[in-house]
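Structure below is work.pdb: PDB, C-alpha atoms and all ligand atoms.
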ATOM      1  CA  MET A  14     -25.761   6.891  -0.975  1.00  0.00           C
ATOM      2  CA  SER A  15     -23.632   9.800   0.114  1.00  0.00           C
ATOM      3  CA  GLN A  16     -20.113  10.344   1.333  1.00  0.00           C
ATOM      4  CA  GLU A  17     -21.628  10.954   4.781  1.00  0.00           C
ATOM      5  CA  THR A  18     -23.132   7.446   4.807  1.00  0.00           C
ATOM      6  CA  TRP A  19     -19.912   5.854   3.538  1.00  0.00           C
ATOM      7  CA  THR A  20     -17.958   7.584   6.298  1.00  0.00           C
ATOM      8  CA  SER A  21     -20.452   6.553   8.995  1.00  0.00           C
ATOM      9  CA  VAL A  22     -20.454   2.939   7.834  1.00  0.00           C
ATOM     10  CA  ASP A  23     -16.643   2.905   7.776  1.00  0.00           C
ATOM     11  CA  ARG A  24     -16.688   4.194  11.385  1.00  0.00           C
ATOM     12  CA  HIS A  25     -19.202   1.504  12.349  1.00  0.00           C
ATOM     13  CA  ILE A  26     -17.040  -1.211  10.831  1.00  0.00           C
ATOM     14  CA  ALA A  27     -13.779   0.213  12.196  1.00  0.00           C
ATOM     15  CA  ALA A  28     -15.149   0.477  15.734  1.00  0.00           C
ATOM     16  CA  ARG A  29     -15.917  -3.239  15.675  1.00  0.00           C
ATOM     17  CA  LEU A  30     -13.338  -4.890  13.438  1.00  0.00           C
ATOM     18  CA  ALA A  31     -10.436  -2.451  13.113  1.00  0.00           C
ATOM     19  CA  PRO A  32     -10.273  -0.453  16.347  1.00  0.00           C
ATOM     20  CA  HIS A  33      -7.322   1.857  16.895  1.00  0.00           C
ATOM     21  CA  ASP A  34      -4.956   1.366  19.769  1.00  0.00           C
ATOM     22  CA  ALA A  35      -2.613   4.117  20.983  1.00  0.00           C
ATOM     23  CA  ALA A  36       0.008   3.361  18.324  1.00  0.00           C
ATOM     24  CA  LEU A  37      -2.369   3.591  15.344  1.00  0.00           C
ATOM     25  CA  GLU A  38      -4.141   6.642  16.752  1.00  0.00           C
ATOM     26  CA  GLY A  39      -0.764   8.219  17.546  1.00  0.00           C
ATOM     27  CA  ALA A  40       0.515   7.508  14.038  1.00  0.00           C
ATOM     28  CA  LEU A  41      -2.361   9.426  12.440  1.00  0.00           C
ATOM     29  CA  LYS A  42      -2.081  12.272  14.962  1.00  0.00           C
ATOM     30  CA  ALA A  43       1.683  12.630  14.509  1.00  0.00           C
ATOM     31  CA  SER A  44       1.240  12.545  10.718  1.00  0.00           C
ATOM     32  CA  ASP A  45      -1.425  15.242  10.902  1.00  0.00           C
ATOM     33  CA  ASP A  46       0.630  17.366  13.320  1.00  0.00           C
ATOM     34  CA  ALA A  47       3.588  17.182  10.931  1.00  0.00           C
ATOM     35  CA  GLY A  48       1.413  18.370   8.046  1.00  0.00           C
ATOM     36  CA  LEU A  49       1.376  15.103   6.095  1.00  0.00           C
ATOM     37  CA  PRO A  50      -1.635  14.687   3.769  1.00  0.00           C
ATOM     38  CA  ALA A  51      -4.520  12.601   5.171  1.00  0.00           C
ATOM     39  CA  ILE A  52      -4.264   9.891   2.512  1.00  0.00           C
ATOM     40  CA  SER A  53      -3.378   6.839   4.600  1.00  0.00           C
ATOM     41  CA  VAL A  54      -5.524   3.779   4.019  1.00  0.00           C
ATOM     42  CA  SER A  55      -8.666   3.731   6.154  1.00  0.00           C
ATOM     43  CA  ALA A  56      -8.808   1.577   9.295  1.00  0.00           C
ATOM     44  CA  PRO A  57     -10.858  -1.171   7.589  1.00  0.00           C
ATOM     45  CA  GLN A  58      -8.405  -1.130   4.668  1.00  0.00           C
ATOM     46  CA  GLY A  59      -5.475  -1.308   7.077  1.00  0.00           C
ATOM     47  CA  LYS A  60      -7.081  -4.296   8.729  1.00  0.00           C
ATOM     48  CA  MET A  61      -7.638  -5.835   5.293  1.00  0.00           C
ATOM     49  CA  LEU A  62      -3.905  -5.546   4.555  1.00  0.00           C
ATOM     50  CA  HIS A  63      -3.258  -7.161   7.940  1.00  0.00           C
ATOM     51  CA  VAL A  64      -5.631 -10.037   7.181  1.00  0.00           C
ATOM     52  CA  LEU A  65      -4.108 -10.519   3.713  1.00  0.00           C
ATOM     53  CA  ALA A  66      -0.590 -10.586   5.170  1.00  0.00           C
ATOM     54  CA  ARG A  67      -1.681 -13.280   7.602  1.00  0.00           C
ATOM     55  CA  THR A  68      -3.464 -15.168   4.831  1.00  0.00           C
ATOM     56  CA  VAL A  69      -0.229 -15.521   2.878  1.00  0.00           C
ATOM     57  CA  GLY A  70       1.743 -16.157   6.080  1.00  0.00           C
ATOM     58  CA  ALA A  71       3.927 -13.194   5.209  1.00  0.00           C
ATOM     59  CA  LYS A  72       7.499 -13.287   6.484  1.00  0.00           C
ATOM     60  CA  ARG A  73       8.682 -10.627   4.085  1.00  0.00           C
ATOM     61  CA  ILE A  74       6.585  -7.616   3.173  1.00  0.00           C
ATOM     62  CA  LEU A  75       7.465  -4.814   0.760  1.00  0.00           C
ATOM     63  CA  GLU A  76       5.611  -1.507   0.840  1.00  0.00           C
ATOM     64  CA  ILE A  77       6.078   1.182  -1.803  1.00  0.00           C
ATOM     65  CA  GLY A  78       4.874   4.507  -0.369  1.00  0.00           C
ATOM     66  CA  THR A  79       5.163   4.810   3.435  1.00  0.00           C
ATOM     67  CA  LEU A  80       3.699   8.245   4.246  1.00  0.00           C
ATOM     68  CA  GLY A  81       3.450   8.269   8.094  1.00  0.00           C
ATOM     69  CA  GLY A  82       3.666   4.491   8.421  1.00  0.00           C
ATOM     70  CA  TYR A  83      -0.011   3.863   9.207  1.00  0.00           C
ATOM     71  CA  SER A  84      -0.423   1.020   6.696  1.00  0.00           C
ATOM     72  CA  THR A  85       3.096  -0.099   7.629  1.00  0.00           C
ATOM     73  CA  ILE A  86       2.016  -0.671  11.234  1.00  0.00           C
ATOM     74  CA  TRP A  87      -1.066  -2.674  10.216  1.00  0.00           C
ATOM     75  CA  MET A  88       1.039  -4.938   7.989  1.00  0.00           C
ATOM     76  CA  ALA A  89       4.100  -5.246  10.264  1.00  0.00           C
ATOM     77  CA  ARG A  90       1.797  -6.474  13.037  1.00  0.00           C
ATOM     78  CA  ALA A  91       0.783  -9.334  10.772  1.00  0.00           C
ATOM     79  CA  LEU A  92       4.340 -10.564  10.132  1.00  0.00           C
ATOM     80  CA  ALA A  93       5.089 -14.151  11.005  1.00  0.00           C
ATOM     81  CA  PRO A  94       7.696 -14.573  13.785  1.00  0.00           C
ATOM     82  CA  GLY A  95      11.100 -13.378  12.592  1.00  0.00           C
ATOM     83  CA  GLY A  96       9.482 -11.551   9.678  1.00  0.00           C
ATOM     84  CA  ARG A  97      10.657  -8.284   8.123  1.00  0.00           C
ATOM     85  CA  LEU A  98       8.998  -5.369   6.364  1.00  0.00           C
ATOM     86  CA  VAL A  99      10.739  -2.859   4.108  1.00  0.00           C
ATOM     87  CA  SER A 100       8.907   0.340   3.162  1.00  0.00           C
ATOM     88  CA  LEU A 101      10.131   2.789   0.511  1.00  0.00           C
ATOM     89  CA  GLU A 102       9.456   6.517   0.811  1.00  0.00           C
ATOM     90  CA  TYR A 103      10.604   9.414  -1.345  1.00  0.00           C
ATOM     91  CA  ASP A 104       9.962  12.244   1.124  1.00  0.00           C
ATOM     92  CA  ALA A 105      12.519  12.415   3.978  1.00  0.00           C
ATOM     93  CA  LYS A 106      10.049  14.179   6.253  1.00  0.00           C
ATOM     94  CA  HIS A 107       7.418  11.490   5.724  1.00  0.00           C
ATOM     95  CA  ALA A 108      10.033   8.831   6.427  1.00  0.00           C
ATOM     96  CA  GLU A 109      11.097  10.525   9.653  1.00  0.00           C
ATOM     97  CA  VAL A 110       7.499  10.731  10.908  1.00  0.00           C
ATOM     98  CA  ALA A 111       6.971   7.097   9.901  1.00  0.00           C
ATOM     99  CA  ARG A 112      10.081   5.863  11.706  1.00  0.00           C
ATOM    100  CA  LYS A 113       8.916   7.505  14.934  1.00  0.00           C
ATOM    101  CA  ASN A 114       5.443   6.030  14.512  1.00  0.00           C
ATOM    102  CA  ILE A 115       6.875   2.587  13.838  1.00  0.00           C
ATOM    103  CA  ALA A 116       9.130   2.860  16.904  1.00  0.00           C
ATOM    104  CA  ARG A 117       6.188   3.965  19.080  1.00  0.00           C
ATOM    105  CA  ALA A 118       4.310   0.887  17.883  1.00  0.00           C
ATOM    106  CA  GLY A 119       7.223  -1.301  19.022  1.00  0.00           C
ATOM    107  CA  LEU A 120       7.935  -2.462  15.471  1.00  0.00           C
ATOM    108  CA  ALA A 121      11.349  -0.869  14.822  1.00  0.00           C
ATOM    109  CA  ASP A 122      12.991  -4.293  15.114  1.00  0.00           C
ATOM    110  CA  ARG A 123      11.077  -5.597  12.076  1.00  0.00           C
ATOM    111  CA  ALA A 124       9.964  -2.634   9.958  1.00  0.00           C
ATOM    112  CA  GLU A 125      12.480  -0.491   8.090  1.00  0.00           C
ATOM    113  CA  VAL A 126      11.878   2.691   6.087  1.00  0.00           C
ATOM    114  CA  ARG A 127      14.268   3.488   3.218  1.00  0.00           C
ATOM    115  CA  VAL A 128      14.355   6.992   1.786  1.00  0.00           C
ATOM    116  CA  GLY A 129      14.558   7.682  -1.920  1.00  0.00           C
ATOM    117  CA  LYS A 130      12.690   7.266  -5.172  1.00  0.00           C
ATOM    118  CA  ALA A 131      11.278   3.766  -5.064  1.00  0.00           C
ATOM    119  CA  ILE A 132      12.458   3.060  -8.588  1.00  0.00           C
ATOM    120  CA  GLU A 133      16.036   3.768  -7.440  1.00  0.00           C
ATOM    121  CA  LEU A 134      15.750   1.721  -4.232  1.00  0.00           C
ATOM    122  CA  LEU A 135      14.211  -1.407  -5.735  1.00  0.00           C
ATOM    123  CA  PRO A 136      17.371  -2.650  -7.521  1.00  0.00           C
ATOM    124  CA  ALA A 137      19.212  -2.721  -4.176  1.00  0.00           C
ATOM    125  CA  LEU A 138      16.573  -5.043  -2.730  1.00  0.00           C
ATOM    126  CA  GLU A 139      17.225  -7.423  -5.602  1.00  0.00           C
ATOM    127  CA  LYS A 140      21.013  -7.234  -5.174  1.00  0.00           C
ATOM    128  CA  GLU A 141      20.727  -7.791  -1.418  1.00  0.00           C
ATOM    129  CA  LYS A 142      18.454 -10.761  -2.062  1.00  0.00           C
ATOM    130  CA  ALA A 143      16.009  -9.133   0.370  1.00  0.00           C
ATOM    131  CA  GLY A 144      13.172 -11.069  -1.276  1.00  0.00           C
ATOM    132  CA  PRO A 145      11.209 -12.950  -2.159  1.00  0.00           C
ATOM    133  CA  PHE A 146       8.467 -10.803  -0.676  1.00  0.00           C
ATOM    134  CA  ASP A 147       5.280 -12.651   0.239  1.00  0.00           C
ATOM    135  CA  LEU A 148       3.190  -9.472   0.130  1.00  0.00           C
ATOM    136  CA  VAL A 149       3.841  -6.287  -1.840  1.00  0.00           C
ATOM    137  CA  PHE A 150       1.703  -3.198  -1.222  1.00  0.00           C
ATOM    138  CA  ILE A 151       2.001  -0.606  -4.003  1.00  0.00           C
ATOM    139  CA  ASP A 152       0.811   2.805  -2.778  1.00  0.00           C
ATOM    140  CA  ALA A 153       3.190   5.538  -4.009  1.00  0.00           C
ATOM    141  CA  ASP A 154       2.991   7.722  -7.154  1.00  0.00           C
ATOM    142  CA  LYS A 155       0.299   6.247  -9.368  1.00  0.00           C
ATOM    143  CA  ALA A 156       2.050   7.102 -12.648  1.00  0.00           C
ATOM    144  CA  SER A 157       4.749   4.524 -11.789  1.00  0.00           C
ATOM    145  CA  ILE A 158       2.420   1.659 -10.849  1.00  0.00           C
ATOM    146  CA  PRO A 159       3.348  -0.295 -14.019  1.00  0.00           C
ATOM    147  CA  ASP A 160       7.062  -0.078 -13.097  1.00  0.00           C
ATOM    148  CA  TYR A 161       6.379  -1.046  -9.485  1.00  0.00           C
ATOM    149  CA  PHE A 162       4.255  -3.965 -10.636  1.00  0.00           C
ATOM    150  CA  ALA A 163       7.136  -5.227 -12.791  1.00  0.00           C
ATOM    151  CA  TRP A 164       9.483  -4.933  -9.806  1.00  0.00           C
ATOM    152  CA  ALA A 165       6.985  -6.623  -7.499  1.00  0.00           C
ATOM    153  CA  LEU A 166       6.935  -9.589  -9.883  1.00  0.00           C
ATOM    154  CA  LYS A 167      10.724  -9.663  -9.970  1.00  0.00           C
ATOM    155  CA  LEU A 168      10.889  -9.712  -6.170  1.00  0.00           C
ATOM    156  CA  ALA A 169       8.043 -12.213  -5.656  1.00  0.00           C
ATOM    157  CA  ARG A 170       7.614 -15.986  -5.530  1.00  0.00           C
ATOM    158  CA  VAL A 171       4.735 -18.182  -6.631  1.00  0.00           C
ATOM    159  CA  GLY A 172       2.075 -17.565  -3.991  1.00  0.00           C
ATOM    160  CA  SER A 173       3.020 -13.946  -3.332  1.00  0.00           C
ATOM    161  CA  LEU A 174       0.244 -11.403  -3.277  1.00  0.00           C
ATOM    162  CA  ILE A 175       0.548  -7.949  -4.850  1.00  0.00           C
ATOM    163  CA  VAL A 176      -1.925  -5.308  -3.654  1.00  0.00           C
ATOM    164  CA  VAL A 177      -2.260  -2.021  -5.546  1.00  0.00           C
ATOM    165  CA  ASP A 178      -4.100   0.913  -3.954  1.00  0.00           C
ATOM    166  CA  ASN A 179      -6.135   3.636  -5.674  1.00  0.00           C
ATOM    167  CA  VAL A 180      -6.954   1.940  -8.960  1.00  0.00           C
ATOM    168  CA  VAL A 181     -10.390   3.540  -9.447  1.00  0.00           C
ATOM    169  CA  ARG A 182      -9.935   7.147  -8.382  1.00  0.00           C
ATOM    170  CA  GLY A 183     -13.576   8.163  -8.509  1.00  0.00           C
ATOM    171  CA  GLY A 184     -13.971   6.498 -11.900  1.00  0.00           C
ATOM    172  CA  LYS A 185     -11.425   8.765 -13.577  1.00  0.00           C
ATOM    173  CA  ILE A 186      -9.665   5.685 -14.949  1.00  0.00           C
ATOM    174  CA  LEU A 187     -12.420   5.273 -17.547  1.00  0.00           C
ATOM    175  CA  ASP A 188     -11.058   8.263 -19.459  1.00  0.00           C
ATOM    176  CA  ASP A 189      -8.571   6.889 -21.979  1.00  0.00           C
ATOM    177  CA  ASN A 190      -7.703  10.437 -23.062  1.00  0.00           C
ATOM    178  CA  SER A 191      -6.968  11.657 -19.560  1.00  0.00           C
ATOM    179  CA  PRO A 192      -3.919  13.930 -19.425  1.00  0.00           C
ATOM    180  CA  ASP A 193      -3.462  12.864 -15.765  1.00  0.00           C
ATOM    181  CA  ALA A 194      -0.312  10.705 -15.511  1.00  0.00           C
ATOM    182  CA  ASN A 195      -1.781   8.984 -12.459  1.00  0.00           C
ATOM    183  CA  VAL A 196      -4.845   7.909 -14.394  1.00  0.00           C
ATOM    184  CA  GLN A 197      -2.681   6.711 -17.270  1.00  0.00           C
ATOM    185  CA  GLY A 198      -0.490   4.773 -14.825  1.00  0.00           C
ATOM    186  CA  VAL A 199      -3.466   2.926 -13.414  1.00  0.00           C
ATOM    187  CA  ARG A 200      -4.916   2.259 -16.886  1.00  0.00           C
ATOM    188  CA  ARG A 201      -1.606   0.859 -18.117  1.00  0.00           C
ATOM    189  CA  PHE A 202      -1.271  -1.302 -15.005  1.00  0.00           C
ATOM    190  CA  LEU A 203      -4.729  -2.844 -15.508  1.00  0.00           C
ATOM    191  CA  ASP A 204      -3.864  -3.644 -19.137  1.00  0.00           C
ATOM    192  CA  LEU A 205      -0.519  -5.141 -18.102  1.00  0.00           C
ATOM    193  CA  ALA A 206      -2.091  -7.232 -15.350  1.00  0.00           C
ATOM    194  CA  ALA A 207      -4.652  -8.527 -17.848  1.00  0.00           C
ATOM    195  CA  LYS A 208      -1.896  -9.795 -20.166  1.00  0.00           C
ATOM    196  CA  GLU A 209       0.483 -11.003 -17.457  1.00  0.00           C
ATOM    197  CA  LYS A 210       0.388 -14.814 -17.387  1.00  0.00           C
ATOM    198  CA  ARG A 211       2.237 -14.973 -14.064  1.00  0.00           C
ATOM    199  CA  VAL A 212      -0.655 -13.487 -12.085  1.00  0.00           C
ATOM    200  CA  SER A 213      -4.313 -14.083 -11.449  1.00  0.00           C
ATOM    201  CA  ALA A 214      -5.705 -10.643 -10.730  1.00  0.00           C
ATOM    202  CA  THR A 215      -8.821  -8.649 -10.027  1.00  0.00           C
ATOM    203  CA  ALA A 216      -9.774  -5.139  -8.939  1.00  0.00           C
ATOM    204  CA  ILE A 217     -12.495  -4.143  -6.511  1.00  0.00           C
ATOM    205  CA  GLN A 218     -14.274  -0.803  -6.289  1.00  0.00           C
ATOM    206  CA  THR A 219     -14.664   0.607  -2.800  1.00  0.00           C
ATOM    207  CA  VAL A 220     -16.477   3.403  -0.982  1.00  0.00           C
ATOM    208  CA  GLY A 221     -15.672   4.622   2.516  1.00  0.00           C
ATOM    209  CA  THR A 222     -14.028   7.481   4.371  1.00  0.00           C
ATOM    210  CA  LYS A 223     -11.747   7.947   1.366  1.00  0.00           C
ATOM    211  CA  GLY A 224     -14.593   8.324  -1.096  1.00  0.00           C
ATOM    212  CA  TYR A 225     -14.967   6.180  -4.209  1.00  0.00           C
ATOM    213  CA  ASP A 226     -11.807   4.292  -5.135  1.00  0.00           C
ATOM    214  CA  GLY A 227     -10.582   0.708  -5.298  1.00  0.00           C
ATOM    215  CA  TYR A 228      -7.708  -1.700  -5.031  1.00  0.00           C
ATOM    216  CA  ALA A 229      -6.278  -4.478  -7.170  1.00  0.00           C
ATOM    217  CA  LEU A 230      -5.135  -7.913  -6.025  1.00  0.00           C
ATOM    218  CA  ALA A 231      -2.684  -9.947  -8.078  1.00  0.00           C
ATOM    219  CA  LEU A 232      -1.724 -13.427  -6.934  1.00  0.00           C
ATOM    220  CA  VAL A 233       1.519 -14.735  -8.418  1.00  0.00           C
ATOM    221  CA  VAL A 234       0.612 -18.130  -9.854  1.00  0.00           C
ATOM    222  CA  SER A 235       3.624 -19.097 -11.975  1.00  0.00           C
TER     223      SER A 235
HETATM  224  N1  LIG B 301       0.808   3.609   2.401  1.00  0.00           N
HETATM  225  C1  LIG B 301       0.503   4.826   3.158  1.00  0.00           C
HETATM  226  C2  LIG B 301       0.085   5.946   2.251  1.00  0.00           C
HETATM  227  C3  LIG B 301       1.102   6.311   1.198  1.00  0.00           C
HETATM  228  S1  LIG B 301       0.751   7.859   0.413  1.00  0.00           S
HETATM  229  C4  LIG B 301      -0.631   4.502   4.121  1.00  0.00           C
HETATM  230  O1  LIG B 301      -1.654   3.976   3.650  1.00  0.00           O
HETATM  231  O2  LIG B 301      -0.520   4.789   5.317  1.00  0.00           O
HETATM  232  C5  LIG B 301       1.931   7.840  -0.860  1.00  0.00           C
HETATM  233  C6  LIG B 301       3.360   8.039  -0.395  1.00  0.00           C
HETATM  234  O3  LIG B 301       4.208   7.730  -1.498  1.00  0.00           O
HETATM  235  C7  LIG B 301       3.694   9.488   0.008  1.00  0.00           C
HETATM  236  O4  LIG B 301       4.290   9.522   1.280  1.00  0.00           O
HETATM  237  C8  LIG B 301       4.683   9.945  -1.048  1.00  0.00           C
HETATM  238  O5  LIG B 301       5.696  10.827  -0.573  1.00  0.00           O
HETATM  239  C9  LIG B 301       5.295   8.633  -1.497  1.00  0.00           C
HETATM  240  N2  LIG B 301       5.897   8.668  -2.833  1.00  0.00           N
HETATM  241  C10 LIG B 301       5.498   9.399  -3.915  1.00  0.00           C
HETATM  242  N3  LIG B 301       6.299   9.183  -4.961  1.00  0.00           N
HETATM  243  C11 LIG B 301       7.225   8.282  -4.542  1.00  0.00           C
HETATM  244  C12 LIG B 301       8.339   7.659  -5.171  1.00  0.00           C
HETATM  245  N4  LIG B 301       8.660   7.924  -6.433  1.00  0.00           N
HETATM  246  N5  LIG B 301       9.071   6.785  -4.447  1.00  0.00           N
HETATM  247  C13 LIG B 301       8.748   6.505  -3.168  1.00  0.00           C
HETATM  248  N6  LIG B 301       7.715   7.070  -2.522  1.00  0.00           N
HETATM  249  C14 LIG B 301       6.966   7.949  -3.199  1.00  0.00           C
HETATM  250  C1  LIG B 302      -3.655   9.889  -3.025  1.00  0.00           C
HETATM  251  C2  LIG B 302      -2.747   8.888  -2.815  1.00  0.00           C
HETATM  252  C3  LIG B 302      -3.117   7.747  -2.132  1.00  0.00           C
HETATM  253  O1  LIG B 302      -2.256   6.723  -1.914  1.00  0.00           O
HETATM  254  C4  LIG B 302      -4.407   7.602  -1.661  1.00  0.00           C
HETATM  255  O2  LIG B 302      -4.755   6.468  -1.014  1.00  0.00           O
HETATM  256  C5  LIG B 302      -5.315   8.619  -1.863  1.00  0.00           C
HETATM  257  C6  LIG B 302      -4.939   9.759  -2.550  1.00  0.00           C
HETATM  258  C7  LIG B 302      -3.260  11.108  -3.755  1.00  0.00           C
HETATM  259  O3  LIG B 302      -2.105  11.210  -4.138  1.00  0.00           O
HETATM  260  O4  LIG B 302      -4.119  11.957  -3.932  1.00  0.00           O
HETATM  261 MG    MG B 303      -3.278   4.920  -1.317  1.00  0.00          MG
END
What does the file become when written as structure tokens?
Amino acid sequence: MSQETWTSVDRHIAARLAPHDAALEGALKASDDAGLPAISVSAPQGKMLHVLARTVGAKRILEIGTLGGYSTIWMARALAPGGRLVSLEYDAKHAEVARKNIARAGLADRAEVRVGKAIELLPALEKEKAGPFDLVFIDADKASIPDYFAWALKLARVGSLIVVDNVVRGGKILDDNSPDANVQGVRRFLDLAAKEKRVSATAIQTVGTKGYDGYALALVVS
């Protein structure tokens, strides 16, 4: 199977189960126009995040890594009435594009983008008692996934779901000698999740428009 097939099948699925409306289409276009990298989740993945948020009845969602707010829109649309989403983004330009996209989607009343290094913004969420978050989506710098996972646990409750993007990276994670900090971050996260008694976790390999990658799911069980 080739990348061409994976892309076509993703289109086939997206056209049926994860169609774009003007806000989602506009979010990708505005991101592209502003020169942001095309690394948002795919439409089927966005819909998966939406379905997962509804599965846990999410009233509070935390996203680490906003980019142009594409995944943010999918998840914010799944919030239970009165729900809130906080998304953390290091790059001020990305955050500005995302805020406009979120506003265009009519979600500015429930989705907030905070600018800064996630690791420096997370303590404020704890102090504010912004949690517990029912769903945490980790999708920023991969080297810091272990730190973000620890924070996600701190800000979660039993029953919260933690989703981690990009945990396969074309199979690069098999290389235990990799000098790539992103690969090492993912490897360390998988080892931590394996030992962590508070979660029941798995990771799933995926193919699609974004090539060969995968995501991890960790349910907080105690
Ligand atoms: N979740 C988005 C994609 C995020 S891409 C979507 O699917 O639509 C990863 C984002 O994380 C980029 O915008 C990048 O600027 C941001 N990022 C990288 N390092 C970060 C850090 N230390 N803190 C917060 N955000 C970071
Ligand atoms: C990259 C980051 C992502 O979050 C993603 O989904 C794909 C690629 C990257 O940094 O290359
Ligand atoms: Mg990603």
Give as a CSV table (one decimal) with C-alpha atoms, in the frame of the given file the residues that the PyMOL selection byres (((not hetatm)) within 7 of (chain B and resi 301)) matches when applied to the coordinates above.
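The resulting expr_26.csv:
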chain,number,residue,atom,x,y,z
A,52,ILE,CA,-4.3,9.9,2.5
A,53,SER,CA,-3.4,6.8,4.6
A,54,VAL,CA,-5.5,3.8,4.0
A,77,ILE,CA,6.1,1.2,-1.8
A,78,GLY,CA,4.9,4.5,-0.4
A,79,THR,CA,5.2,4.8,3.4
A,80,LEU,CA,3.7,8.2,4.2
A,81,GLY,CA,3.4,8.3,8.1
A,82,GLY,CA,3.7,4.5,8.4
A,83,TYR,CA,0.0,3.9,9.2
A,84,SER,CA,-0.4,1.0,6.7
A,85,THR,CA,3.1,-0.1,7.6
A,101,LEU,CA,10.1,2.8,0.5
A,102,GLU,CA,9.5,6.5,0.8
A,103,TYR,CA,10.6,9.4,-1.3
A,104,ASP,CA,10.0,12.2,1.1
A,107,HIS,CA,7.4,11.5,5.7
A,129,GLY,CA,14.6,7.7,-1.9
A,130,LYS,CA,12.7,7.3,-5.2
A,131,ALA,CA,11.3,3.8,-5.1
A,132,ILE,CA,12.5,3.1,-8.6
A,152,ASP,CA,0.8,2.8,-2.8
A,153,ALA,CA,3.2,5.5,-4.0
A,154,ASP,CA,3.0,7.7,-7.2
For region 217-220 of chain A: contacts at 8 Å, all atoms listed in the file, fewer than 3 positions along chain excluded, given as a PyMOL selection string: chain A and resi 19+181+223-229
List, as an mmCIF file with C-alpha atoms, keeping the file's coordinate frame, every residue that the PyMOL selection byres (((chain A and resi 72) around 6) and not hetatm) selects in the file provided.
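Saved file part_6.cif follows:
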data_model
loop_
_atom_site.group_PDB
_atom_site.id
_atom_site.type_symbol
_atom_site.label_atom_id
_atom_site.label_comp_id
_atom_site.auth_asym_id
_atom_site.auth_seq_id
_atom_site.Cartn_x
_atom_site.Cartn_y
_atom_site.Cartn_z
ATOM 1 C CA ALA A 71 3.927 -13.194 5.209
ATOM 2 C CA ARG A 73 8.682 -10.627 4.085
ATOM 3 C CA LEU A 92 4.340 -10.564 10.132
ATOM 4 C CA ALA A 93 5.089 -14.151 11.005
ATOM 5 C CA GLY A 96 9.482 -11.551 9.678
#
Neighbour residues at most 12 Å from (-1.4, 2.4, -17.9) (all atoms listed in the file) as a PyMOL selection string: chain A and resi 155-162+180+186-207
For Ile151 (chain A), the nearest of the candidates A:Glu139, A:Glu133, A:Glu76, A:Asp122, counting all atoms listed in the file: A:Glu76
Quick one: everything within 9 Å of Ser213 (chain A), counting all atoms listed in the file, minus sequence neighbours fewer than 4 positions away in the same chain. Send it as a PDB file with C-alpha atoms, in the frame of the given file.
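Wrote out-v8.pdb, looks like this:
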ATOM      1  CA  ALA A 206      -2.091  -7.232 -15.350  1.00  0.00           C
ATOM      2  CA  ALA A 207      -4.652  -8.527 -17.848  1.00  0.00           C
ATOM      3  CA  GLU A 209       0.483 -11.003 -17.457  1.00  0.00           C
ATOM      4  CA  LEU A 230      -5.135  -7.913  -6.025  1.00  0.00           C
ATOM      5  CA  ALA A 231      -2.684  -9.947  -8.078  1.00  0.00           C
ATOM      6  CA  LEU A 232      -1.724 -13.427  -6.934  1.00  0.00           C
ATOM      7  CA  VAL A 233       1.519 -14.735  -8.418  1.00  0.00           C
ATOM      8  CA  VAL A 234       0.612 -18.130  -9.854  1.00  0.00           C
TER       9      VAL A 234
END
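With all atoms listed in the file as the atoms that count, the minimum distance from ligand LIG 302 (chain B) to the choices A:Gly59, A:Gly70, A:Gly48, A:Pro32 is reached by A:Gly59.
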Give me, as a PDB file with C-alpha atoms, keeping the file's coordinate frame, all polymer residues having an atom no more than 9 Å from Glu125 (chain A), counting only C-alpha atoms and skipping those fewer than 4 positions away in the same chain.
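The result, written out as out_2.pdb:
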ATOM      1  CA  ARG A  97      10.657  -8.284   8.123  1.00  0.00           C
ATOM      2  CA  LEU A  98       8.998  -5.369   6.364  1.00  0.00           C
ATOM      3  CA  VAL A  99      10.739  -2.859   4.108  1.00  0.00           C
ATOM      4  CA  SER A 100       8.907   0.340   3.162  1.00  0.00           C
ATOM      5  CA  LEU A 101      10.131   2.789   0.511  1.00  0.00           C
ATOM      6  CA  ARG A 112      10.081   5.863  11.706  1.00  0.00           C
ATOM      7  CA  ILE A 115       6.875   2.587  13.838  1.00  0.00           C
ATOM      8  CA  LEU A 120       7.935  -2.462  15.471  1.00  0.00           C
ATOM      9  CA  ALA A 121      11.349  -0.869  14.822  1.00  0.00           C
TER      10      ALA A 121
END
